[in-house]
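The next block holds one structure in the form of structure tokens; read it before the comments.
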Amino acid sequence: MELLVIIPLALALVSALGNNWNRWISLVFSLFGFLILLGNIDSVFASIHGDTSFRTVTDIPWLGDAIHFRLGVDGITGFLLLLTNILIPIIVLSNSTDKRPALIPLVLFMQAGLNGVFMAQDGLLFYLFWELAMIPIYFITLLYSERESFTTTIRFFVYTFIGSLAMLASLIYLGTKSVNGSFAYNDLYNVQLSLTESIWVGAGFLLAFAVKIPLFPFHVWQPNTYTYAPAQGSMLLSGIMLKMGLYGVIRWYFPMASESIDFYQPIIITLAVIGVIYGALIAIRQDDMKRLIAYSSLSHVGLIAAGLFALNSSGFDGGLLQMFVHGINVVGLFVAVDIIERNFGSRNLNELGGIAKNNKLFALLFFLVVIGTVAAPLTNGFPGEFLLLKSIFDFNTTFAVFAGLTIIFCAVYMLRMFQYSMLGTTSDNTENKTIPVLELLPLLFVAFFVISIGLFPQWYLDFFQNSSKGLLNIISNAKGVLS
Amino acid sequence: MIAISIVFFGALVLLFAGLNKEEGRLKTAAAVVLGIAGLAIFAESKNLISTESLFNWVPAGMIAFNPIAQVIAAILVIMAMIVINLMPAVNRKGMDVIGLMMLSACGGLLMIGAQHLVVLFLGIEILSIPLFVLAGSEKDDLFGNEASLKYFLMGAFSTAIFLLGAAFLYGGTGTLYFHEMLLRTSFSEHFGEFPILIKAGLILVSVGLLFKVSAVPFHFWSPDVYEGSPNRIAAFMAIVVKIAGFAAFAQFLASFAPMQNWYATWMMPVSIITVLAGNIVALVQTSYKRMLAYSSISHAGYLLLFLLQPIQENFNILGLYLLSYGLGTAILFYLFDKYAQSTDKSVDIFTGMAQKSKLDAIAMIVATFTVAGIPSTVGFIAKYQLFTSAFNTATWGVLLALVGSAISISYYFKPFRVMFISDSDSTKNQNFGLGDICLVGIVLAIIIMGILPMSLNWIF
């Protein structure tokens, strides 16, 4: 499994040597991760047959005896690896300009980092990959933003870096307490913390994850970064990168600082629900399509975070499924906006309209993604959001009512976006232009997942359901030790 | 010892042999001498060769290198070699600059090996006096003259304080050997208080050393001196002097381990202030060189946090940190020197760097990452180990140092703002010179040690 990290890294180096690869060659480069995953599919998803443990698959001493290059897999990790390695080819495919020679190497570099984050089974390795995934996205936004964006990118980097350092402090603290100073996942998990210690350690973890997710007051970096970053950068950030934060919460925060869950649970759920409504309300007023999607993403991710923190099985299942779905949908939306902007020269809703007239297929695909995001039944958004709302309902009815508003708000802003851009009268920009069919290819893949998850959610749930139950048991046991 | 002799005689030979030669030609000779010295002392640290019998005539125990001190000495010599060779030669007759730099490195080696206060004093002086001259080696530069004078006055001042402290320590303990100082007064532990003479002496000697490593509040000379000195001399001061200063400081403090609780009480505030002040003041600098000066102050702060613990067994962490800091800083000074052709010293000088030379741009990114401590570079490994080992003795200090690291990102990354702007009139630089080979080597070393830290076992 270490190949999932090494191969993309090597390919990134190879592709950095050449200039301007043809997009089909870069697509081949990016597909390697998916192929490796397919090759190991049985061992990665052993949880389907009942083995729910987080199994170590690679273990090499790395820095002294305490820190190993230790990778592990279980259903949850496998599911997110699947998401990463499906989305990366779609993102590479959607890049149709050859004016960004460094983009493909950076995306491959990032693929390595992301695969590493999801597999890391050693505290320091997790931090290492966490930062490694940051570096390429920093340069993607810095190099290819649509305008001078140093302030935006440095703000983004510093915010997330502060979070990461807080997490590093927590990891170091756990490391100094564990047996022989080991950073192995299980050794860190076995450290017994008092409630106060746990609250501090948890604060470090949560700061890192809350910035990355982003939760409501920590989202300040997000709208500008999503808006000014190149479309591929926004896809990487929203589609995969913020899943790192959610993954970190369930894999690292819950088990490591389980004593503090009772303390943070109401706070985080409140913030998340505030974020759900706040993001949705702002999205309704946006004219810039990218900014609209940024705020809608804030709203959707808030719901996932709230569901995960409700700490019940429907919340975990719904949250994990929705992580996948949100990744697919948000990438689909950014692809669509990218296509519109490239072909019609604008992404401002006031300057668009009537695109559907000449582009029936595009309109259909775009509409599929939109209703998927709105969570209409039989599309991919529905099962996940249903489970999430159910879990929040089990936790607290009032929160569930507020969080449930998101579906209505989401319908408002998403359909408004679709209507203003695709329907109505044509504007100067959109008159008599058709989109090349080839550019729709990434949207076709997205549409496949929109429909297949919507029709057969259990197929996808099976990948990780056993593992998530196992993890939930571990967490509630650890919580039970103290409370 | 062997390294000190090689560097010393090499420096003398080069100083006289090269009186009338052009500097560029004899740089290679300096590199060879320093390289041999570095290899010799490194081999000695691994017990591959033994030269102790050659130096029987040195009074026993005054100069002694334990294996880790030998590694640090090797790092110092190699850094001196890099600094001398990386920076382009000044086309002017006379080898005095390089000869003096080597002599100064010789003083640094003496400081690392010193086990006796007088030897430490000698080392500091041999390190500093050539630097007073070198700081003003651009004779027509007004700022250079200011730097030289300022450095001289501050150096003399700190030496006086150091000597006063040494006298107090002698008065309190009756010996000048580090390891004997607390032996004779070990009984005092049982009575709780250490004699006031020892405390005062320790404080004064420490202040003298804190001047040398430019810790806040004894740092005021360093930004001005760095800014006024020629670039490679500034790099030399930022790297070699700091390595020597910290190695000597660590050895000196290690022999006062029983007093660790006491000296931590006043060193802790000093180190925290150094971290925060260094980082925050660096944030508002417009001159890149001055920013590097403050960045080196903040690194001194991180290292001071490390010195608060009883450290006899953790010397290798100190060595690794100095190595990573030295490699990164050397590249940053080199690139600054290469691109600062006019009087402009702000980050704007790096405009279009990625277009002019891809190698320089990559080196810039890697060096920035390693001084900022971002994973995948050796800087991260070093910083992680430093903070982890200091965590228990200085928890709050480490947490504040993490905040400082976060702040440091926003000034270290400033060149990235302009590096990738492409302006049409800049031409591609095709020459691949000695400096570039050196650069490739350093960049590879930083990355390899960063992603395969097992390779460090081979060094330390």
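Ordering of the structure tokens sets the chain letters (A, B, ...), residue numbers begin anew at 1 in every chain, and ligands are numbered from 1 in the order given.
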Within 8 Å of chain B, which residues of chain A show up? Give each one with its shortest atom-to-atom distance in Å (one decimal) and the two atoms involved, counting only C-alpha atoms, rows by chain then rising residue number, as a Markdown table.
```
| residue | atom | partner | partner_atom | distance |
| --- | --- | --- | --- | --- |
| A:Pro61 | CA | B:Met454 | CA | 7.8 |
| A:Trp62 | CA | B:Met454 | CA | 5.7 |
| A:Leu63 | CA | B:Pro453 | CA | 5.7 |
| A:Gly64 | CA | B:Met454 | CA | 7.3 |
| A:Leu128 | CA | B:Pro375 | CA | 5.5 |
| A:Glu131 | CA | B:Pro375 | CA | 6.4 |
| A:Leu132 | CA | B:Pro375 | CA | 6.6 |
| A:Leu142 | CA | B:Arg417 | CA | 7.8 |
| A:Leu143 | CA | B:Phe420 | CA | 6.8 |
| A:Phe150 | CA | B:Arg417 | CA | 5.7 |
| A:Ile154 | CA | B:Ser410 | CA | 6.7 |
| A:Val158 | CA | B:Ala406 | CA | 6.5 |
| A:Phe161 | CA | B:Ala406 | CA | 6.3 |
| A:Ile162 | CA | B:Ala406 | CA | 5.6 |
| A:Leu165 | CA | B:Leu402 | CA | 6.3 |
| A:Ala166 | CA | B:Leu402 | CA | 7.8 |
| A:Ala169 | CA | B:Leu399 | CA | 7.0 |
| A:Ile172 | CA | B:Thr388 | CA | 6.2 |
| A:Tyr173 | CA | B:Phe391 | CA | 7.9 |
| A:Thr176 | CA | B:Thr388 | CA | 7.7 |
```
For N, CA and C atoms, I'd like the residues from the last selection saved as a PDB file, in the first residue's frame.
```pdb
ATOM      1  N   PRO A  61      10.873   1.405  10.286  1.00  0.00           N
ATOM      2  CA  PRO A  61      11.396   2.407  11.236  1.00  0.00           C
ATOM      3  C   PRO A  61      11.808   3.660  10.476  1.00  0.00           C
ATOM      4  N   TRP A  62      11.452   4.810  11.021  1.00  0.00           N
ATOM      5  CA  TRP A  62      11.665   6.032  10.240  1.00  0.00           C
ATOM      6  C   TRP A  62      12.568   7.014  10.964  1.00  0.00           C
ATOM      7  N   LEU A  63      12.240   7.319  12.198  1.00  0.00           N
ATOM      8  CA  LEU A  63      13.063   8.270  12.952  1.00  0.00           C
ATOM      9  C   LEU A  63      13.253   7.690  14.341  1.00  0.00           C
ATOM     10  N   GLY A  64      14.389   7.105  14.555  1.00  0.00           N
ATOM     11  CA  GLY A  64      14.607   6.432  15.834  1.00  0.00           C
ATOM     12  C   GLY A  64      13.683   5.232  15.952  1.00  0.00           C
ATOM     13  N   LEU A 128       2.957  14.795   9.148  1.00  0.00           N
ATOM     14  CA  LEU A 128       3.810  15.003   7.976  1.00  0.00           C
ATOM     15  C   LEU A 128       2.994  15.037   6.697  1.00  0.00           C
ATOM     16  N   GLU A 131       0.736  18.114   6.334  1.00  0.00           N
ATOM     17  CA  GLU A 131       1.418  19.298   5.814  1.00  0.00           C
ATOM     18  C   GLU A 131       1.823  19.111   4.355  1.00  0.00           C
ATOM     19  N   LEU A 132       2.194  17.882   4.034  1.00  0.00           N
ATOM     20  CA  LEU A 132       2.622  17.601   2.661  1.00  0.00           C
ATOM     21  C   LEU A 132       1.491  17.870   1.690  1.00  0.00           C
ATOM     22  N   LEU A 142      -1.269  29.907  -5.324  1.00  0.00           N
ATOM     23  CA  LEU A 142      -0.366  31.056  -5.488  1.00  0.00           C
ATOM     24  C   LEU A 142      -0.042  31.298  -6.964  1.00  0.00           C
ATOM     25  N   LEU A 143       0.231  30.212  -7.693  1.00  0.00           N
ATOM     26  CA  LEU A 143       0.709  30.371  -9.065  1.00  0.00           C
ATOM     27  C   LEU A 143      -0.416  30.697 -10.029  1.00  0.00           C
ATOM     28  N   PHE A 150      -1.643  36.987  -3.233  1.00  0.00           N
ATOM     29  CA  PHE A 150      -0.703  36.583  -2.196  1.00  0.00           C
ATOM     30  C   PHE A 150      -1.346  36.656  -0.818  1.00  0.00           C
ATOM     31  N   ILE A 154      -1.631  33.475   1.554  1.00  0.00           N
ATOM     32  CA  ILE A 154      -0.835  33.426   2.773  1.00  0.00           C
ATOM     33  C   ILE A 154      -1.767  33.334   3.974  1.00  0.00           C
ATOM     34  N   VAL A 158      -1.405  30.413   6.567  1.00  0.00           N
ATOM     35  CA  VAL A 158      -1.104  30.676   7.980  1.00  0.00           C
ATOM     36  C   VAL A 158      -2.213  30.138   8.875  1.00  0.00           C
ATOM     37  N   PHE A 161      -1.831  26.516   9.013  1.00  0.00           N
ATOM     38  CA  PHE A 161      -0.571  26.151   9.662  1.00  0.00           C
ATOM     39  C   PHE A 161      -0.672  26.312  11.169  1.00  0.00           C
ATOM     40  N   ILE A 162      -1.387  27.360  11.616  1.00  0.00           N
ATOM     41  CA  ILE A 162      -1.585  27.520  13.063  1.00  0.00           C
ATOM     42  C   ILE A 162      -2.329  26.308  13.601  1.00  0.00           C
ATOM     43  N   LEU A 165      -0.043  23.331  13.759  1.00  0.00           N
ATOM     44  CA  LEU A 165       0.919  23.375  14.852  1.00  0.00           C
ATOM     45  C   LEU A 165       0.251  23.049  16.175  1.00  0.00           C
ATOM     46  N   ALA A 166      -1.006  23.477  16.323  1.00  0.00           N
ATOM     47  CA  ALA A 166      -1.728  23.124  17.542  1.00  0.00           C
ATOM     48  C   ALA A 166      -1.867  21.610  17.620  1.00  0.00           C
ATOM     49  N   ALA A 169       1.350  20.111  18.643  1.00  0.00           N
ATOM     50  CA  ALA A 169       1.558  20.214  20.097  1.00  0.00           C
ATOM     51  C   ALA A 169       0.820  19.093  20.817  1.00  0.00           C
ATOM     52  N   ILE A 172       2.636  15.831  20.214  1.00  0.00           N
ATOM     53  CA  ILE A 172       3.871  15.739  20.997  1.00  0.00           C
ATOM     54  C   ILE A 172       3.537  15.430  22.448  1.00  0.00           C
ATOM     55  N   TYR A 173       2.472  16.084  22.949  1.00  0.00           N
ATOM     56  CA  TYR A 173       2.088  15.833  24.332  1.00  0.00           C
ATOM     57  C   TYR A 173       1.721  14.373  24.523  1.00  0.00           C
ATOM     58  N   THR A 176       4.876  12.207  24.396  1.00  0.00           N
ATOM     59  CA  THR A 176       5.729  12.160  25.574  1.00  0.00           C
ATOM     60  C   THR A 176       5.094  11.312  26.673  1.00  0.00           C
TER      61      THR A 176
END
```
Residues within 6 Å of segment 235-251 of chain B, please, as number ranges by chain. Count only C-alpha atoms; anything in the same chain fewer than 5 positions from it doesn't count. B: 76, 108, 111-112, 213, 326
What lies within 9 Å of Leu163 of chain B using only C-alpha atoms, ignoring chain neighbours under 5 positions off, as a ChimeraX atom specification? /B:121,158,168,204-205,208
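From atom CA of Ile447 of chain B back to atom CA of Thr28 of chain B, the distance works out to 26.2 Å.
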Report as an MDAnalysis selection string all protein, DNA and RNA residues lying within 8 Å of segment 173-183 of chain B, evaluated on only C-alpha atoms, omitting residues in the same chain fewer than 2 positions from it. chainID B and resid 62 115:118 166 169:171 185:186 198 252 255:256
The selected residues should be written to file as an mmCIF file, in the first residue's frame (atoms: C-alpha atoms).
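The resulting file, result10.cif, is shown below:
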```
data_model
loop_
_atom_site.group_PDB
_atom_site.id
_atom_site.type_symbol
_atom_site.label_atom_id
_atom_site.label_comp_id
_atom_site.auth_asym_id
_atom_site.auth_seq_id
_atom_site.Cartn_x
_atom_site.Cartn_y
_atom_site.Cartn_z
ATOM 1 C CA MET B 62 41.638 21.918 28.582
ATOM 2 C CA GLN B 115 36.582 22.617 28.674
ATOM 3 C CA HIS B 116 38.222 25.502 30.478
ATOM 4 C CA LEU B 117 37.052 29.076 30.814
ATOM 5 C CA VAL B 118 40.294 30.573 29.550
ATOM 6 C CA ALA B 166 34.737 34.070 34.800
ATOM 7 C CA LEU B 169 33.219 31.707 38.977
ATOM 8 C CA TYR B 170 36.866 31.265 39.824
ATOM 9 C CA GLY B 171 36.295 33.021 43.088
ATOM 10 C CA THR B 185 30.801 22.861 45.802
ATOM 11 C CA SER B 186 28.548 19.888 45.496
ATOM 12 C CA ILE B 198 28.707 31.077 41.489
ATOM 13 C CA PHE B 252 29.234 25.151 29.518
ATOM 14 C CA SER B 255 28.447 21.168 33.623
ATOM 15 C CA PHE B 256 26.013 23.193 35.715
#
```
So that I can see what lies close to segment 326-333 of chain A, please list as an MDAnalysis selection string the residues with an atom at most 9 Å from it, counting only C-alpha atoms and leaving out residues fewer than 3 positions away in the same chain. chainID A and resid 83:84 87 90:91 232 234:236 238:240 243 290 293 297 300:301 321:323 336:338 366 369:370 372:373 380:381 442:443 445:447 449:450
Create the file for the chosen residues now, containing C-alpha atoms and written as a PDB file, in the first residue's frame.
```
ATOM      1  CA  LEU A  83     -12.826   9.101  -3.184  1.00  0.00           C
ATOM      2  CA  THR A  84      -9.359  10.627  -3.540  1.00  0.00           C
ATOM      3  CA  LEU A  87     -11.584  12.532  -7.953  1.00  0.00           C
ATOM      4  CA  ILE A  90     -11.610  13.722 -12.852  1.00  0.00           C
ATOM      5  CA  ILE A  91      -9.851  16.898 -11.736  1.00  0.00           C
ATOM      6  CA  GLN A 232      -8.819  22.719 -10.151  1.00  0.00           C
ATOM      7  CA  SER A 234     -10.992  24.765  -5.614  1.00  0.00           C
ATOM      8  CA  MET A 235     -11.927  21.196  -6.550  1.00  0.00           C
ATOM      9  CA  LEU A 236      -8.973  19.785  -4.665  1.00  0.00           C
ATOM     10  CA  SER A 238     -13.348  21.398  -1.356  1.00  0.00           C
ATOM     11  CA  GLY A 239     -13.580  17.940  -2.853  1.00  0.00           C
ATOM     12  CA  ILE A 240     -10.822  16.141  -1.006  1.00  0.00           C
ATOM     13  CA  LYS A 243     -12.369  15.573   4.055  1.00  0.00           C
ATOM     14  CA  LYS A 290     -17.734  30.075  -7.283  1.00  0.00           C
ATOM     15  CA  ILE A 293     -20.495  27.142  -4.134  1.00  0.00           C
ATOM     16  CA  SER A 297     -19.933  23.900   0.782  1.00  0.00           C
ATOM     17  CA  HIS A 300     -23.022  21.152   3.739  1.00  0.00           C
ATOM     18  CA  VAL A 301     -19.846  20.388   5.613  1.00  0.00           C
ATOM     19  CA  LEU A 321     -21.302   8.605   2.882  1.00  0.00           C
ATOM     20  CA  GLN A 322     -21.922  12.327   2.663  1.00  0.00           C
ATOM     21  CA  MET A 323     -18.168  12.993   2.658  1.00  0.00           C
ATOM     22  CA  ALA A 336     -19.563  23.001 -14.473  1.00  0.00           C
ATOM     23  CA  VAL A 337     -18.634  26.526 -13.381  1.00  0.00           C
ATOM     24  CA  ASP A 338     -15.221  26.112 -14.954  1.00  0.00           C
ATOM     25  CA  PHE A 366     -25.374  20.180 -14.580  1.00  0.00           C
ATOM     26  CA  VAL A 369     -25.309  17.626 -10.036  1.00  0.00           C
ATOM     27  CA  VAL A 370     -27.517  20.445  -8.769  1.00  0.00           C
ATOM     28  CA  GLY A 372     -27.746  15.857  -6.131  1.00  0.00           C
ATOM     29  CA  THR A 373     -26.516  18.771  -4.054  1.00  0.00           C
ATOM     30  CA  ASN A 380     -26.775  10.856  -4.158  1.00  0.00           C
ATOM     31  CA  GLY A 381     -27.353  13.673  -1.665  1.00  0.00           C
ATOM     32  CA  PRO A 442     -15.584  14.754 -16.308  1.00  0.00           C
ATOM     33  CA  LEU A 443     -19.223  15.678 -15.692  1.00  0.00           C
ATOM     34  CA  PHE A 445     -18.284  10.500 -14.449  1.00  0.00           C
ATOM     35  CA  VAL A 446     -19.734  12.753 -11.785  1.00  0.00           C
ATOM     36  CA  ALA A 447     -23.227  12.075 -13.074  1.00  0.00           C
ATOM     37  CA  PHE A 449     -21.915   8.633  -9.171  1.00  0.00           C
ATOM     38  CA  VAL A 450     -24.842  10.989  -8.611  1.00  0.00           C
TER      39      VAL A 450
END
```
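Of the residues listed (B:Ala394, B:Ile41, B:Met79, B:Val284), B:Met79 shows the shortest atom-to-atom separation from Leu323 of chain B; distances use only C-alpha atoms.
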I'd like the neighbourhood of Thr58 of chain A as a VMD selection string, where a residue qualifies if any of its atoms comes within 8 Å (using only C-alpha atoms), though same-chain residues fewer than 4 positions away should be ignored. chain A and resid 1 to 2 69 to 72
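Atom CA of Asn279 of chain B to atom CA of Phe333 of chain B spans 18.0 Å [interatomic distance, one decimal].
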Quick one: pick out all alpha helix (DSSP H) residues within segment 237-274 of chain B from a backbone DSSP run and write them as a VMD selection string. chain B and resid 242 to 254 260 to 274
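Distance check against Val71 of chain B using only C-alpha atoms: of B:Leu142, B:Val443, B:Leu39, B:Leu359, the minimum falls on B:Leu39.
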Write out as a PyMOL selection string each polymer residue whose atoms come within 12 Å of Phe316 of chain A, counting only C-alpha atoms; drop sequence neighbours fewer than 3 positions from it. chain A and resi 76+246-247+249-251+254+303-313+319-323+384-385+387-392+461+464-473+475
